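These notes are about the structure you will find just below.
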Amino acid sequence: MYPAGDPTIRVRTLELPSGHRVRALESGPADGPPVFLVHGWACSVYSFRRNVGALAAAGHRVLAADLKGHGLSDKPLGAGEYATEPMVAHVLQILDALGVGRTAIVGHSMGGALALDVAMRLPERVSRVALLDSVGLGVAPIIRVVRAITPGVVTPLLRSLVRRWAVSLVLRFAYGKLGGFSSRDVDEYWAPTQFRESILAARAMAHEFDWSPQPVERLAALRIPTLVVFGTRDRLVTARSAQRRVRALPQARLELIAGAGHVTPEEAPERVNAVLLEFLAPEREALRPRESGAA
């Protein structure tokens with residue numbers, strides 16, 4: 001599984017105060033401005049495979065982790081583990097374990113909702129926030145469908161229903177018209193389902209997490225530079241429903257990628273990397289040594 005075989009990425013296991021263990025990766029200079037990547041529902045750090053290298057090459061200390069319930073991290077199944085507040089606390093514990101005080105955060109899909117919530121609750125911990133195809137801004141109608149087809153009575157059957165072809169079908173639905181996915185991509189997303197708890201955790205998050213858009217009044221109070229990126233062919237979180245909320249953010253910039261679907265970091269990495277690096281440039285400038293003037 002990613003990032004096996006990539007010598008530029010360091011992987012370690014973090015022991016959190018909650019008792020959970022999570023897999024974290026790091027790339028780029030240790031003294032670079034930090035940027036923390038938060039993946040979406042039923043995903044992993046693999047979602048950012050086409051972005052880590054570009055951010056690290058520009059001088060950022062790039063950090064990411066498989067959230068609990070995902071990838072190779074622990075998958076607890078206690079009631080309420082995947083509600084919004086416990087997930088926000090989980091993200092903060094990961095940042096603390098990584099030794100990061102204040103950081104830029106990039107969140108994709110459900111990870112965008114988490115990044116946004118962290119920024120609104122603890123703005124002193126977040127220097128900038130980038131929201132890619134983000135839950136919390138747009139409506140996510142697909143979750144209503146997921147909840148409807150996964151009532152508690154079908155839980156024992158879920159593992160037998162999640163097959164490799166189903167993962168391929170979901171990726172086909174998530175992509176727009178700009179790019180495609182490979183067999184390796186299907187395998188990476190399918191691999192965690194070898195753990196029974198992975199599927200049960202995904203179901204729990206679909207039912208426990210708050211997928212609704214943030215109130216406009218709460219967004220208006222956020223005084224942090226914000227980048228919002230959506231694909232115009234996103235069928236999982238609708239860009240049109242998000243635009244009114246983006247306008248409520250005092251320091252927001254909106255980038256629409258024509259033809260892209262719900263996975264812009266994977267489908268349009270060159271465009272996403274370019275806007276991210278431009279957005280994060282002040283972070284790099286702040287750490288750049290100042291030249292002393294002539295006496």
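Going by the structure tokens order, chains are called A, B, ..., each with residues numbered from 1, while ligands are numbered from 1 in the order shown.
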Exercise. Near Leu280 (chain A), within 10 Å and counting only C-alpha atoms, which residues show up once chain neighbours fewer than 6 positions away are dropped, as a ChimeraX atom specification?
Worked result: /A:33,35,55,58,60,104,127-130,225,227,274
For this session: Could you check how far CA of Arg233 (chain A) sits from CA of Pro3 (chain A), in Å to one decimal?
Result: 28.9 Å
Problem set entry | Distance of CA of Phe36 (chain A) from CA of Arg12 (chain A), expressed in Å to one decimal place | 15.2 Å
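With only C-alpha atoms as the atoms that count, the minimum distance from Val229 (chain A) to the choices A:Leu98, A:Val106, A:Ala115, A:Ala30 is reached by A:Val106.
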Show me, as a PDB file with C-alpha atoms, in the first residue's frame, the residues that have an atom within 12 Å of region 247-252 of chain A when counting only C-alpha atoms, minus same-chain residues fewer than 3 positions from it.
ATOM      1  CA  LEU A 116     -13.320  23.740   8.400  1.00  0.00           C
ATOM      2  CA  MET A 120     -13.777  27.591  13.256  1.00  0.00           C
ATOM      3  CA  ARG A 128      -4.854  28.793   6.332  1.00  0.00           C
ATOM      4  CA  VAL A 129      -7.469  26.293   5.259  1.00  0.00           C
ATOM      5  CA  ALA A 130      -8.014  24.783   1.802  1.00  0.00           C
ATOM      6  CA  LEU A 131     -11.285  22.940   1.182  1.00  0.00           C
ATOM      7  CA  LEU A 137     -20.098  23.817   2.277  1.00  0.00           C
ATOM      8  CA  GLN A 214     -22.395  24.844   7.982  1.00  0.00           C
ATOM      9  CA  PRO A 215     -24.706  27.749   8.884  1.00  0.00           C
ATOM     10  CA  VAL A 216     -23.845  30.924   6.978  1.00  0.00           C
ATOM     11  CA  GLU A 217     -23.582  32.864  10.256  1.00  0.00           C
ATOM     12  CA  ARG A 218     -20.877  30.540  11.558  1.00  0.00           C
ATOM     13  CA  LEU A 219     -18.899  30.742   8.322  1.00  0.00           C
ATOM     14  CA  ALA A 220     -19.056  34.543   8.391  1.00  0.00           C
ATOM     15  CA  ALA A 221     -17.128  34.539  11.674  1.00  0.00           C
ATOM     16  CA  LEU A 222     -14.120  32.685  10.213  1.00  0.00           C
ATOM     17  CA  ARG A 223     -11.221  35.154   9.805  1.00  0.00           C
ATOM     18  CA  ILE A 224      -8.702  32.818   8.209  1.00  0.00           C
ATOM     19  CA  PRO A 225      -7.593  32.817   4.539  1.00  0.00           C
ATOM     20  CA  THR A 226      -9.639  30.108   2.846  1.00  0.00           C
ATOM     21  CA  LEU A 227      -9.295  28.409  -0.528  1.00  0.00           C
ATOM     22  CA  VAL A 228     -12.288  26.508  -1.891  1.00  0.00           C
ATOM     23  CA  VAL A 229     -11.943  24.182  -4.899  1.00  0.00           C
ATOM     24  CA  ARG A 240     -23.739  25.114  -6.846  1.00  0.00           C
ATOM     25  CA  SER A 241     -25.176  24.595  -3.377  1.00  0.00           C
ATOM     26  CA  ALA A 242     -21.798  25.590  -1.882  1.00  0.00           C
ATOM     27  CA  GLN A 243     -21.355  28.940  -3.590  1.00  0.00           C
ATOM     28  CA  ARG A 244     -23.645  30.942  -1.292  1.00  0.00           C
ATOM     29  CA  GLU A 255     -11.684  27.931  -7.820  1.00  0.00           C
ATOM     30  CA  PHE A 279      -2.430  29.952  -1.751  1.00  0.00           C
TER      31      PHE A 279
END
For this session: Using only C-alpha atoms, determine which residues lie at most 12 Å from region 183-196 of chain A, disregarding the query and same-chain residues fewer than 2 positions distant; provide the list as a count of residues only.
Result: 53
Seminar exercise, completed: A straight line from CA of Phe173 (chain A) to CA of Arg235 (chain A) spans 7.5 Å
For this session: Name the closest residue to Glu85 (chain A) among the candidates A:Glu15, A:Asp31, A:Glu208, A:Glu26; distances are taken between atoms, counting only C-alpha atoms.
Result: A:Glu208
Problem set entry | In region 2-194 of chain A, DSSP helix (DSSP H, G or I) residues written as a PyMOL selection string | chain A and resi 45-48+52-57+84-97+110-121+123-125+141-149+152-161+164-174+183-194
For this session: Write out as number ranges by chain the residues lying within 8 Å of Arg102 (chain A), counting only C-alpha atoms and excluding same-chain residues fewer than 5 positions away.
Result: A: 124-127
Those same residues - N, CA and C atoms - I'd like them written as a short mmCIF file (atom, residue, chain, number, x, y, z; two decimals), in the first residue's frame.
data_model
loop_
_atom_site.label_atom_id
_atom_site.label_comp_id
_atom_site.auth_asym_id
_atom_site.auth_seq_id
_atom_site.Cartn_x
_atom_site.Cartn_y
_atom_site.Cartn_z
N GLU A 124 -6.63 29.64 16.29
CA GLU A 124 -5.22 29.83 16.64
C GLU A 124 -4.36 28.64 16.20
N ARG A 125 -4.98 27.52 15.87
CA ARG A 125 -4.22 26.35 15.41
C ARG A 125 -4.08 26.29 13.88
N VAL A 126 -4.83 27.14 13.18
CA VAL A 126 -4.91 27.04 11.72
C VAL A 126 -4.51 28.37 11.08
N SER A 127 -3.45 28.35 10.27
CA SER A 127 -3.01 29.56 9.59
C SER A 127 -3.78 29.81 8.30
#
Assign secondary structure with DSSP using the backbone only, and return the residues of region 47-278 of chain A in strand (DSSP E) as a PDB file with N, CA and C atoms, in the first residue's frame.
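So part25.pdb came out as:
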ATOM      1  N   ARG A  61       6.635  21.150   4.888  1.00  0.00           N
ATOM      2  CA  ARG A  61       6.627  19.923   5.678  1.00  0.00           C
ATOM      3  C   ARG A  61       5.231  19.331   5.545  1.00  0.00           C
ATOM      4  N   VAL A  62       5.093  18.324   4.722  1.00  0.00           N
ATOM      5  CA  VAL A  62       3.787  17.760   4.393  1.00  0.00           C
ATOM      6  C   VAL A  62       3.461  16.620   5.349  1.00  0.00           C
ATOM      7  N   LEU A  63       2.309  16.707   5.979  1.00  0.00           N
ATOM      8  CA  LEU A  63       1.883  15.731   6.969  1.00  0.00           C
ATOM      9  C   LEU A  63       0.497  15.212   6.601  1.00  0.00           C
ATOM     10  N   ALA A  64       0.285  13.935   6.828  1.00  0.00           N
ATOM     11  CA  ALA A  64      -1.027  13.339   6.584  1.00  0.00           C
ATOM     12  C   ALA A  64      -1.149  12.090   7.442  1.00  0.00           C
ATOM     13  N   ALA A  65      -2.369  11.638   7.623  1.00  0.00           N
ATOM     14  CA  ALA A  65      -2.601  10.417   8.413  1.00  0.00           C
ATOM     15  C   ALA A  65      -3.867   9.739   7.939  1.00  0.00           C
ATOM     16  N   THR A 103      -0.792  25.279  11.855  1.00  0.00           N
ATOM     17  CA  THR A 103      -0.513  24.708  10.545  1.00  0.00           C
ATOM     18  C   THR A 103      -1.560  25.143   9.532  1.00  0.00           C
ATOM     19  N   ALA A 104      -1.200  25.071   8.271  1.00  0.00           N
ATOM     20  CA  ALA A 104      -2.196  25.124   7.202  1.00  0.00           C
ATOM     21  C   ALA A 104      -2.827  23.738   7.097  1.00  0.00           C
ATOM     22  N   ILE A 105      -4.109  23.689   6.789  1.00  0.00           N
ATOM     23  CA  ILE A 105      -4.813  22.419   6.659  1.00  0.00           C
ATOM     24  C   ILE A 105      -5.485  22.367   5.294  1.00  0.00           C
ATOM     25  N   VAL A 106      -5.332  21.222   4.639  1.00  0.00           N
ATOM     26  CA  VAL A 106      -6.014  20.953   3.376  1.00  0.00           C
ATOM     27  C   VAL A 106      -6.928  19.763   3.599  1.00  0.00           C
ATOM     28  N   GLY A 107      -8.228  19.951   3.391  1.00  0.00           N
ATOM     29  CA  GLY A 107      -9.172  18.870   3.596  1.00  0.00           C
ATOM     30  C   GLY A 107      -9.935  18.548   2.335  1.00  0.00           C
ATOM     31  N   HIS A 108     -10.106  17.255   2.063  1.00  0.00           N
ATOM     32  CA  HIS A 108     -10.866  16.822   0.895  1.00  0.00           C
ATOM     33  C   HIS A 108     -12.165  16.153   1.325  1.00  0.00           C
ATOM     34  N   VAL A 126      -4.834  27.140  13.183  1.00  0.00           N
ATOM     35  CA  VAL A 126      -4.910  27.042  11.722  1.00  0.00           C
ATOM     36  C   VAL A 126      -4.510  28.369  11.083  1.00  0.00           C
ATOM     37  N   SER A 127      -3.452  28.346  10.273  1.00  0.00           N
ATOM     38  CA  SER A 127      -3.007  29.560   9.594  1.00  0.00           C
ATOM     39  C   SER A 127      -3.784  29.808   8.304  1.00  0.00           C
ATOM     40  N   ARG A 128      -4.092  28.737   7.575  1.00  0.00           N
ATOM     41  CA  ARG A 128      -4.854  28.793   6.332  1.00  0.00           C
ATOM     42  C   ARG A 128      -5.596  27.479   6.185  1.00  0.00           C
ATOM     43  N   VAL A 129      -6.715  27.526   5.464  1.00  0.00           N
ATOM     44  CA  VAL A 129      -7.469  26.293   5.259  1.00  0.00           C
ATOM     45  C   VAL A 129      -7.898  26.202   3.796  1.00  0.00           C
ATOM     46  N   ALA A 130      -7.612  25.047   3.183  1.00  0.00           N
ATOM     47  CA  ALA A 130      -8.014  24.783   1.802  1.00  0.00           C
ATOM     48  C   ALA A 130      -9.032  23.656   1.803  1.00  0.00           C
ATOM     49  N   LEU A 131     -10.159  23.873   1.160  1.00  0.00           N
ATOM     50  CA  LEU A 131     -11.285  22.940   1.182  1.00  0.00           C
ATOM     51  C   LEU A 131     -11.524  22.445  -0.238  1.00  0.00           C
ATOM     52  N   LEU A 132     -11.247  21.172  -0.471  1.00  0.00           N
ATOM     53  CA  LEU A 132     -11.357  20.580  -1.796  1.00  0.00           C
ATOM     54  C   LEU A 132     -12.604  19.699  -1.861  1.00  0.00           C
ATOM     55  N   THR A 226      -8.989  31.364   3.208  1.00  0.00           N
ATOM     56  CA  THR A 226      -9.639  30.108   2.846  1.00  0.00           C
ATOM     57  C   THR A 226      -9.644  29.936   1.336  1.00  0.00           C
ATOM     58  N   LEU A 227      -9.223  28.773   0.888  1.00  0.00           N
ATOM     59  CA  LEU A 227      -9.295  28.409  -0.528  1.00  0.00           C
ATOM     60  C   LEU A 227     -10.339  27.317  -0.679  1.00  0.00           C
ATOM     61  N   VAL A 228     -11.247  27.499  -1.626  1.00  0.00           N
ATOM     62  CA  VAL A 228     -12.288  26.508  -1.891  1.00  0.00           C
ATOM     63  C   VAL A 228     -12.159  26.058  -3.347  1.00  0.00           C
ATOM     64  N   VAL A 229     -12.068  24.755  -3.553  1.00  0.00           N
ATOM     65  CA  VAL A 229     -11.943  24.182  -4.899  1.00  0.00           C
ATOM     66  C   VAL A 229     -13.064  23.175  -5.106  1.00  0.00           C
ATOM     67  N   PHE A 230     -13.762  23.314  -6.228  1.00  0.00           N
ATOM     68  CA  PHE A 230     -14.792  22.354  -6.612  1.00  0.00           C
ATOM     69  C   PHE A 230     -14.653  22.013  -8.087  1.00  0.00           C
ATOM     70  N   GLY A 231     -14.988  20.783  -8.429  1.00  0.00           N
ATOM     71  CA  GLY A 231     -15.149  20.404  -9.822  1.00  0.00           C
ATOM     72  C   GLY A 231     -16.572  20.677 -10.257  1.00  0.00           C
ATOM     73  N   ALA A 252     -12.334  34.237   1.540  1.00  0.00           N
ATOM     74  CA  ALA A 252     -12.372  33.033   0.710  1.00  0.00           C
ATOM     75  C   ALA A 252     -12.075  33.336  -0.755  1.00  0.00           C
ATOM     76  N   ARG A 253     -11.438  32.365  -1.380  1.00  0.00           N
ATOM     77  CA  ARG A 253     -11.214  32.366  -2.828  1.00  0.00           C
ATOM     78  C   ARG A 253     -11.783  31.072  -3.378  1.00  0.00           C
ATOM     79  N   LEU A 254     -12.595  31.170  -4.429  1.00  0.00           N
ATOM     80  CA  LEU A 254     -13.234  29.996  -5.022  1.00  0.00           C
ATOM     81  C   LEU A 254     -12.611  29.686  -6.374  1.00  0.00           C
ATOM     82  N   GLU A 255     -12.211  28.423  -6.547  1.00  0.00           N
ATOM     83  CA  GLU A 255     -11.684  27.931  -7.820  1.00  0.00           C
ATOM     84  C   GLU A 255     -12.587  26.808  -8.313  1.00  0.00           C
ATOM     85  N   LEU A 256     -13.174  26.989  -9.480  1.00  0.00           N
ATOM     86  CA  LEU A 256     -13.974  25.950 -10.100  1.00  0.00           C
ATOM     87  C   LEU A 256     -13.169  25.316 -11.224  1.00  0.00           C
ATOM     88  N   ILE A 257     -13.084  23.995 -11.223  1.00  0.00           N
ATOM     89  CA  ILE A 257     -12.327  23.275 -12.243  1.00  0.00           C
ATOM     90  C   ILE A 257     -13.314  22.627 -13.195  1.00  0.00           C
TER      91      ILE A 257
END
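Neighbouring residues of Val263 (chain A) at 8 Å or closer, counting only C-alpha atoms and skipping chain neighbours under 6 positions away, are Asp133, Ala174, Tyr175 and Gly231 of chain A.
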Based on the selection just made, write N, CA and C atoms of those residues as an mmCIF file, in the first residue's frame.
data_model
loop_
_atom_site.group_PDB
_atom_site.id
_atom_site.type_symbol
_atom_site.label_atom_id
_atom_site.label_comp_id
_atom_site.auth_asym_id
_atom_site.auth_seq_id
_atom_site.Cartn_x
_atom_site.Cartn_y
_atom_site.Cartn_z
ATOM 1 N N ASP A 133 -13.536 20.070 -2.730
ATOM 2 C CA ASP A 133 -14.757 19.272 -2.911
ATOM 3 C C ASP A 133 -15.416 19.014 -1.555
ATOM 4 N N ALA A 174 -17.331 8.989 -8.964
ATOM 5 C CA ALA A 174 -16.669 10.138 -8.336
ATOM 6 C C ALA A 174 -15.877 10.983 -9.329
ATOM 7 N N TYR A 175 -15.310 10.345 -10.349
ATOM 8 C CA TYR A 175 -14.523 11.075 -11.339
ATOM 9 C C TYR A 175 -15.434 11.845 -12.293
ATOM 10 N N GLY A 231 -14.988 20.783 -8.429
ATOM 11 C CA GLY A 231 -15.149 20.404 -9.822
ATOM 12 C C GLY A 231 -16.572 20.677 -10.257
#
Exercise. A:Asp6, A:Ala258, A:Leu14, A:Val246: which is nearest Asp96 (chain A), counting only C-alpha atoms?
Worked result: A:Leu14
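Remark: for Trp211 (chain A), the closest of the candidate residues A:Gly101, A:Gly19, A:Gly138, A:Gly152 is A:Gly138 (distances computed over only C-alpha atoms).
For the residues A:Glu278, A:Met205, A:Pro86, A:Pro34, ranking by smallest atom-to-atom distance to Val100 (chain A) using only C-alpha atoms places A:Pro34 first.
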